[in-house]
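Peer 1: coords_33.pdb is reproduced in full below (PDB, C-alpha atoms and all ligand atoms).
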MODEL        1
ATOM      1  CA  MET U 202      36.340 162.283 113.012
ATOM      2  CA  GLU U 203      37.565 161.941 116.544
ATOM      3  CA  MET U 204      36.972 158.183 116.538
ATOM      4  CA  ALA U 205      38.932 157.908 113.330
ATOM      5  CA  LYS U 206      41.732 159.964 114.830
ATOM      6  CA  ILE U 207      41.711 157.857 117.945
ATOM      7  CA  ARG U 208      41.754 154.628 115.924
ATOM      8  CA  ARG U 209      44.595 155.837 113.775
ATOM      9  CA  GLY U 210      46.419 156.926 116.881
ATOM     10  CA  ARG U 211      46.050 153.476 118.407
ATOM     11  CA  CYS U 212      46.780 151.511 115.214
ATOM     12  CA  ALA U 213      50.125 153.131 114.430
ATOM     13  CA  PRO U 214      51.946 152.108 117.649
ATOM     14  CA  THR U 215      50.421 148.604 117.438
ATOM     15  CA  SER U 216      51.843 148.025 113.934
ATOM     16  CA  ASN U 217      55.236 149.414 114.999
ATOM     17  CA  LEU U 218      55.166 147.090 117.947
ATOM     18  CA  ARG U 219      54.367 144.139 115.669
ATOM     19  CA  ARG U 220      57.221 145.071 113.336
ATOM     20  CA  ALA U 221      59.593 145.375 116.275
ATOM     21  CA  THR U 222      58.431 142.038 117.678
ATOM     22  CA  MET U 223      58.879 140.309 114.289
ATOM     23  CA  GLY U 224      62.357 141.869 114.058
ATOM     24  CA  ASN U 225      63.266 140.509 117.483
ATOM     25  CA  ILE U 226      61.948 137.045 116.630
ATOM     26  CA  PHE U 227      63.978 137.077 113.419
ATOM     27  CA  LYS U 228      67.101 138.140 115.359
ATOM     28  CA  ILE U 229      66.587 135.435 117.955
ATOM     29  CA  LEU U 230      65.997 132.799 115.250
ATOM     30  CA  SER U 231      69.170 133.787 113.401
ATOM     31  CA  GLN U 232      71.122 133.680 116.682
ATOM     32  CA  VAL U 233      69.704 130.243 117.460
ATOM     33  CA  PHE U 234      70.636 129.103 113.952
ATOM     34  CA  SER U 235      74.199 130.486 114.363
ATOM     35  CA  MET U 236      74.524 128.675 117.694
ATOM     36  CA  PHE U 237      73.241 125.479 116.074
ATOM     37  CA  VAL U 238      75.842 125.738 113.283
ATOM     38  CA  PHE U 239      78.605 126.485 115.813
ATOM     39  CA  VAL U 240      77.641 123.626 118.131
ATOM     40  CA  THR U 241      77.353 121.238 115.186
ATOM     41  CA  PHE U 242      80.855 122.250 114.062
ATOM     42  CA  CYS U 243      82.285 121.832 117.591
ATOM     43  CA  CYS U 244      80.611 118.489 118.272
ATOM     44  CA  VAL U 245      80.775 116.783 114.895
ATOM     45  CA  ILE U 246      83.406 118.266 112.606
ATOM     46  CA  SER U 247      86.203 119.422 114.972
ATOM     47  CA  PRO U 248      86.673 116.099 116.809
ATOM     48  CA  ASN U 249      86.845 114.338 113.440
ATOM     49  CA  LEU U 250      89.526 116.785 112.275
ATOM     50  CA  ALA U 251      91.495 116.233 115.480
ATOM     51  CA  ILE U 252      91.219 112.459 115.210
ATOM     52  CA  ALA U 253      91.936 112.305 111.480
ATOM     53  CA  ALA U 254      95.500 113.708 111.743
ATOM     54  CA  PRO U 255      96.901 111.228 114.323
ATOM     55  CA  ILE U 256      95.314 108.285 112.471
ATOM     56  CA  LYS U 257      96.944 109.402 109.239
ATOM     57  CA  LEU U 258     100.361 109.832 110.933
ATOM     58  CA  ALA U 259     100.062 106.577 112.861
ATOM     59  CA  SER U 260      99.428 104.657 109.647
ATOM     60  CA  VAL U 261     102.666 105.937 108.027
ATOM     61  CA  ASP U 262     105.726 103.762 108.490
ATOM     62  CA  PHE U 263     108.581 105.515 106.725
ATOM     63  CA  THR U 264     110.756 102.399 106.747
ATOM     64  CA  LYS U 265     108.176 100.434 104.735
ATOM     65  CA  GLN U 266     107.585 103.037 102.032
ATOM     66  CA  GLU U 267     109.071 102.090  98.707
ATOM     67  CA  ALA U 268     112.285 104.078  98.276
ATOM     68  CA  ILE U 269     112.603 106.442  95.319
ATOM     69  CA  ALA U 270     115.989 105.778  93.714
ATOM     70  CA  ILE U 271     118.060 108.816  92.690
ATOM     71  CA  LYS U 272     121.497 108.479  91.086
ATOM     72  CA  VAL U 273     124.415 110.835  91.607
ATOM     73  CA  SER U 274     127.879 110.527  90.175
ATOM     74  CA  LEU U 275     130.817 112.136  91.956
ATOM     75  CA  SER U 276     132.980 113.205  89.011
ATOM     76  CA  ASN U 277     133.194 110.888  85.960
ATOM     77  CA  SER U 278     135.655 108.729  84.025
ATOM     78  CA  ASP U 279     137.172 111.946  82.577
ATOM     79  CA  ASN U 280     137.852 113.142  86.144
ATOM     80  CA  GLU U 281     135.781 116.292  85.703
ATOM     81  CA  LEU U 282     135.271 117.969  89.045
ATOM     82  CA  LYS U 283     131.488 118.120  89.283
ATOM     83  CA  PHE U 284     128.454 116.301  90.600
ATOM     84  CA  ILE U 285     126.236 114.721  87.943
ATOM     85  CA  PRO U 286     123.524 115.888  88.368
ATOM     86  CA  ASP U 287     124.273 118.839  90.626
ATOM     87  CA  ARG U 288     120.671 119.733  91.588
ATOM     88  CA  PHE U 289     118.362 117.559  93.610
ATOM     89  CA  THR U 290     114.806 117.994  94.780
ATOM     90  CA  PHE U 291     113.322 115.789  97.471
ATOM     91  CA  GLU U 292     109.955 115.881  99.137
ATOM     92  CA  SER U 293     109.592 115.850 102.879
ATOM     93  CA  GLY U 294     108.152 112.595 104.256
ATOM     94  CA  LYS U 295     109.096 110.374 101.295
ATOM     95  CA  ARG U 296     111.734 107.657 101.420
ATOM     96  CA  TYR U 297     114.706 107.966  99.071
ATOM     97  CA  LYS U 298     117.675 105.834  98.155
ATOM     98  CA  LEU U 299     120.536 107.966  96.877
ATOM     99  CA  LEU U 300     122.782 105.795  94.696
ATOM    100  CA  LEU U 301     126.223 107.383  94.796
ATOM    101  CA  SER U 302     129.061 106.346  92.527
ATOM    102  CA  ASN U 303     132.555 107.610  91.933
ATOM    103  CA  PRO U 304     133.772 106.429  88.530
ATOM    104  CA  SER U 305     136.833 108.722  88.612
ATOM    105  CA  ALA U 306     140.452 108.055  89.580
ATOM    106  CA  MET U 307     140.281 110.378  92.642
ATOM    107  CA  LYS U 308     138.412 110.214  95.892
ATOM    108  CA  HIS U 309     135.546 112.661  96.430
ATOM    109  CA  TYR U 310     133.167 113.717  99.164
ATOM    110  CA  PHE U 311     129.415 114.192  99.174
ATOM    111  CA  THR U 312     129.257 116.915 101.828
ATOM    112  CA  SER U 313     126.063 118.751 102.781
ATOM    113  CA  LYS U 314     125.913 119.027 106.543
ATOM    114  CA  ASP U 315     122.761 121.170 106.683
ATOM    115  CA  PHE U 316     121.010 118.700 104.393
ATOM    116  CA  ALA U 317     122.191 115.822 106.608
ATOM    117  CA  ASP U 318     120.643 117.636 109.587
ATOM    118  CA  ALA U 319     117.347 118.017 107.697
ATOM    119  CA  ILE U 320     116.828 114.309 107.024
ATOM    120  CA  TRP U 321     116.395 111.092 108.960
ATOM    121  CA  THR U 322     118.991 108.557 107.810
ATOM    122  CA  GLN U 323     117.813 104.971 107.755
ATOM    123  CA  ASN U 324     121.171 103.570 106.665
ATOM    124  CA  VAL U 325     124.138 103.820 104.360
ATOM    125  CA  VAL U 326     125.208 100.649 102.586
ATOM    126  CA  ALA U 327     128.699 100.453 101.072
ATOM    127  CA  GLY U 328     130.065  97.111  99.947
ATOM    128  CA  ASN U 329     128.997  94.570 102.554
ATOM    129  CA  VAL U 330     128.732  97.140 105.321
ATOM    130  CA  GLU U 331     125.522  98.786 106.493
ATOM    131  CA  VAL U 332     125.960 101.881 108.651
ATOM    132  CA  LYS U 333     123.082 103.220 110.757
ATOM    133  CA  GLY U 334     122.710 106.476 112.624
ATOM    134  CA  ASN U 335     123.464 110.065 111.722
ATOM    135  CA  ILE U 336     125.583 110.561 108.625
ATOM    136  CA  ARG U 337     127.192 113.947 107.999
ATOM    137  CA  GLU U 338     129.140 113.302 104.785
ATOM    138  CA  LEU U 339     130.273 110.437 102.580
ATOM    139  CA  GLU U 340     133.730 109.824 101.194
ATOM    140  CA  LEU U 341     133.855 107.733  98.045
ATOM    141  CA  ARG U 342     137.186 106.327  96.963
ATOM    142  CA  PRO U 343     137.882 105.759  93.226
ATOM    143  CA  ASN U 344     135.480 103.310  91.577
ATOM    144  CA  THR U 345     133.279 102.787  94.593
ATOM    145  CA  THR U 346     129.550 103.061  95.226
ATOM    146  CA  ALA U 347     127.300 103.648  98.240
ATOM    147  CA  GLU U 348     123.565 103.742  98.898
ATOM    148  CA  TRP U 349     122.176 106.317 101.303
ATOM    149  CA  THR U 350     118.578 105.671 102.371
ATOM    150  CA  PHE U 351     116.825 108.524 104.131
ATOM    151  CA  VAL U 352     113.577 110.420 104.674
ATOM    152  CA  PRO U 353     113.712 114.237 104.325
ATOM    153  CA  ILE U 354     112.216 115.954 107.372
ATOM    154  CA  LYS U 355     112.856 119.695 107.133
ATOM    155  CA  SER U 356     112.205 121.703 103.981
ATOM    156  CA  GLY U 357     114.820 124.132 102.729
ATOM    157  CA  THR U 358     117.625 124.643 100.236
ATOM    158  CA  TYR U 359     121.036 123.261 101.114
ATOM    159  CA  GLU U 360     124.421 123.584  99.465
ATOM    160  CA  LEU U 361     126.395 120.518  98.454
ATOM    161  CA  HIS U 362     130.125 120.371  97.833
ATOM    162  CA  CYS U 363     133.122 118.085  97.722
ATOM    163  CA  ALA U 364     135.278 118.676 100.776
ATOM    164  CA  ILE U 365     138.602 117.945  99.032
ATOM    165  CA  ALA U 366     140.661 121.121  98.826
ATOM    166  CA  GLY U 367     140.162 122.909  95.511
ATOM    167  CA  HIS U 368     137.322 120.713  94.201
ATOM    168  CA  ALA U 369     134.370 122.926  95.196
ATOM    169  CA  GLU U 370     136.202 126.012  93.939
ATOM    170  CA  VAL U 371     136.367 124.662  90.383
ATOM    171  CA  GLY U 372     132.771 123.493  90.275
ATOM    172  CA  MET U 373     132.259 120.424  92.435
ATOM    173  CA  ARG U 374     129.207 121.982  94.073
ATOM    174  CA  GLY U 375     125.478 121.486  93.972
ATOM    175  CA  THR U 376     122.131 122.367  95.491
ATOM    176  CA  ILE U 377     119.729 120.134  97.350
ATOM    177  CA  THR U 378     116.145 121.257  97.875
ATOM    178  CA  ILE U 379     113.678 119.654 100.248
ATOM    179  CA  GLN U 380     110.109 120.638  99.455
ATOM    180  CA  PRO U 381     107.296 120.411 101.984
ATOM    181  CA  SER U 382     105.136 117.333 101.504
ATOM    182  CA  ALA U 383     102.357 117.836  98.977
TER     183      ALA U 383
HETATM  184 CU    CU U 401     136.040 116.052  94.901
ENDMDL
END
Represent the structure from my file as structure tokens, please.
Peer 2:
Amino acid sequence: MEMAKIRRGRCAPTSNLRRATMGNIFKILSQVFSMFVFVTFCCVISPNLAIAAPIKLASVDFTKQEAIAIKVSLSNSDNELKFIPDRFTFESGKRYKLLLSNPSAMKHYFTSKDFADAIWTQNVVAGNVEVKGNIRELELRPNTTAEWTFVPIKSGTYELHCAIAGHAEVGMRGTITIQPSA
């Protein structure tokens, strides 16, 4: 009886010890595995992520992208005081050519200074003249056209109006939205 008691007394701590040891080994293995995953991420995936972005940006030349043509008429042959259309949506990072025309008998402005600040203007072509640099607003005399080529930079919603006194008040207004690049 005593031997049995003694054996049982010895066996119980030994099996607890084994369980504890197995638990520790399992913990250590899972920590090693976590470290392995972390190191793999740091060494292999992260540098690729960091390198991928500059390569993508470096390969984009905005001036060589095909321009998306969008038409806008400042008033019409009936001399209605409105932009047609009066809502525009552009996407940041794409190249656009805004084809402006004024088929009316009055001069009109395409004025949206906040929008002009949110884009990079490549040029404005009117008649035989090409203008480069920052453009804030365009004035179109009766029966004239202009082409404004630009790349939207900053997303947001911007108001558009004609700067001639009284025109915006009776409806010569619009909204231009620049959406973040998809
Ligand atoms: Cu006007």
Peer 1: To check your reading of the model: which residues sit at most 12 Å from ligand CU 401 (chain U) when counting only C-alpha atoms and all ligand atoms? Write the answer as JSON, numbers by chain.
Peer 2: {"U": [274, 275, 276, 277, 280, 281, 282, 283, 284, 303, 304, 305, 306, 307, 308, 309, 310, 311, 312, 339, 340, 341, 342, 343, 361, 362, 363, 364, 365, 366, 367, 368, 369, 370, 371, 372, 373, 374, 375]}
Peer 1: Between CA of Phe291 in chain U and CA of Gly328 in chain U, what is the distance, to one decimal in Å?
Peer 2: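 Result for CA of Phe291 in chain U versus CA of Gly328 in chain U: 25.2 Å, one decimal.
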Peer 1: Can you work out which one of U:Arg337, U:Lys314, U:Lys272, U:Lys355 has the shortest atom-to-atom distance to Lys298 in chain U, counting all atoms listed in the file?
Peer 2: U:Lys272
Peer 1: Considering only C-alpha atoms, can you say which of U:Asn324, U:Ser278, U:Asn344, U:Thr290 comes closest to Tyr359 in chain U?
Peer 2: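 Going through U:Asn324, U:Ser278, U:Asn344, U:Thr290 one by one, the smallest distance to Tyr359 in chain U is for U:Thr290.
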Peer 1: Every residue with an atom at most 7 Å from (124.2, 103.7, 97.7) (file coordinates; all atoms listed in the file) is what I'm after, so could you write them as a list in words?
Peer 2: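 Every residue inside that radius is included here: Lys298, Leu299, Leu300, Leu301, Val325, Val326, Ala327, Thr346, Ala347, Glu348 and Trp349 of chain U.
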Peer 1: Which distance in Å separates CA of Ala268 in chain U and CA of Glu360 in chain U, to one decimal?
Peer 2: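 Computing the Euclidean distance for CA of Ala268 in chain U and CA of Glu360 in chain U yields 23.0 Å.
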Peer 1: One decimal, Å: what's the distance from CA of Glu292 in chain U over to CA of Val261 in chain U, could you say?
Peer 2: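 Going from CA of Glu292 in chain U over to CA of Val261 in chain U covers 15.2 Å.
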Peer 1: From the list U:Ile377, U:Val352, U:Ile271, U:Val330, which residue is nearest Asp315 in chain U when using all atoms listed in the file?
Peer 2: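 Going through U:Ile377, U:Val352, U:Ile271, U:Val330 one by one, the smallest distance to Asp315 in chain U is for U:Ile377.
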Peer 1: Complete the atoms of range 308-320 of chain U to N, CA and C atoms and put them out as a PDB file, in the frame of the given file.
Peer 2:
ATOM      1  N   LYS U 308     139.498 110.329  94.918  1.00  0.00           N
ATOM      2  CA  LYS U 308     138.412 110.214  95.892  1.00  0.00           C
ATOM      3  C   LYS U 308     137.674 111.555  95.979  1.00  0.00           C
ATOM      4  N   HIS U 309     136.393 111.466  96.318  1.00  0.00           N
ATOM      5  CA  HIS U 309     135.546 112.661  96.430  1.00  0.00           C
ATOM      6  C   HIS U 309     134.620 112.528  97.627  1.00  0.00           C
ATOM      7  N   TYR U 310     134.126 113.681  98.051  1.00  0.00           N
ATOM      8  CA  TYR U 310     133.167 113.717  99.164  1.00  0.00           C
ATOM      9  C   TYR U 310     131.801 114.194  98.686  1.00  0.00           C
ATOM     10  N   PHE U 311     130.773 113.648  99.319  1.00  0.00           N
ATOM     11  CA  PHE U 311     129.415 114.192  99.174  1.00  0.00           C
ATOM     12  C   PHE U 311     129.151 114.864 100.511  1.00  0.00           C
ATOM     13  N   THR U 312     129.336 116.178 100.560  1.00  0.00           N
ATOM     14  CA  THR U 312     129.257 116.915 101.828  1.00  0.00           C
ATOM     15  C   THR U 312     128.138 117.948 101.777  1.00  0.00           C
ATOM     16  N   SER U 313     127.144 117.772 102.651  1.00  0.00           N
ATOM     17  CA  SER U 313     126.063 118.751 102.781  1.00  0.00           C
ATOM     18  C   SER U 313     125.522 118.605 104.197  1.00  0.00           C
ATOM     19  N   LYS U 314     126.229 119.257 105.125  1.00  0.00           N
ATOM     20  CA  LYS U 314     125.913 119.027 106.543  1.00  0.00           C
ATOM     21  C   LYS U 314     124.521 119.526 106.930  1.00  0.00           C
ATOM     22  N   ASP U 315     124.104 120.658 106.351  1.00  0.00           N
ATOM     23  CA  ASP U 315     122.761 121.170 106.683  1.00  0.00           C
ATOM     24  C   ASP U 315     121.680 120.241 106.138  1.00  0.00           C
ATOM     25  N   PHE U 316     121.948 119.677 104.963  1.00  0.00           N
ATOM     26  CA  PHE U 316     121.010 118.700 104.393  1.00  0.00           C
ATOM     27  C   PHE U 316     120.956 117.459 105.297  1.00  0.00           C
ATOM     28  N   ALA U 317     122.137 117.013 105.735  1.00  0.00           N
ATOM     29  CA  ALA U 317     122.191 115.822 106.608  1.00  0.00           C
ATOM     30  C   ALA U 317     121.405 116.061 107.898  1.00  0.00           C
ATOM     31  N   ASP U 318     121.399 117.309 108.368  1.00  0.00           N
ATOM     32  CA  ASP U 318     120.643 117.636 109.587  1.00  0.00           C
ATOM     33  C   ASP U 318     119.135 117.713 109.324  1.00  0.00           C
ATOM     34  N   ALA U 319     118.765 117.836 108.051  1.00  0.00           N
ATOM     35  CA  ALA U 319     117.347 118.017 107.697  1.00  0.00           C
ATOM     36  C   ALA U 319     116.677 116.718 107.277  1.00  0.00           C
ATOM     37  N   ILE U 320     117.403 115.603 107.420  1.00  0.00           N
ATOM     38  CA  ILE U 320     116.828 114.309 107.024  1.00  0.00           C
ATOM     39  C   ILE U 320     116.953 113.309 108.173  1.00  0.00           C
TER      40      ILE U 320
END
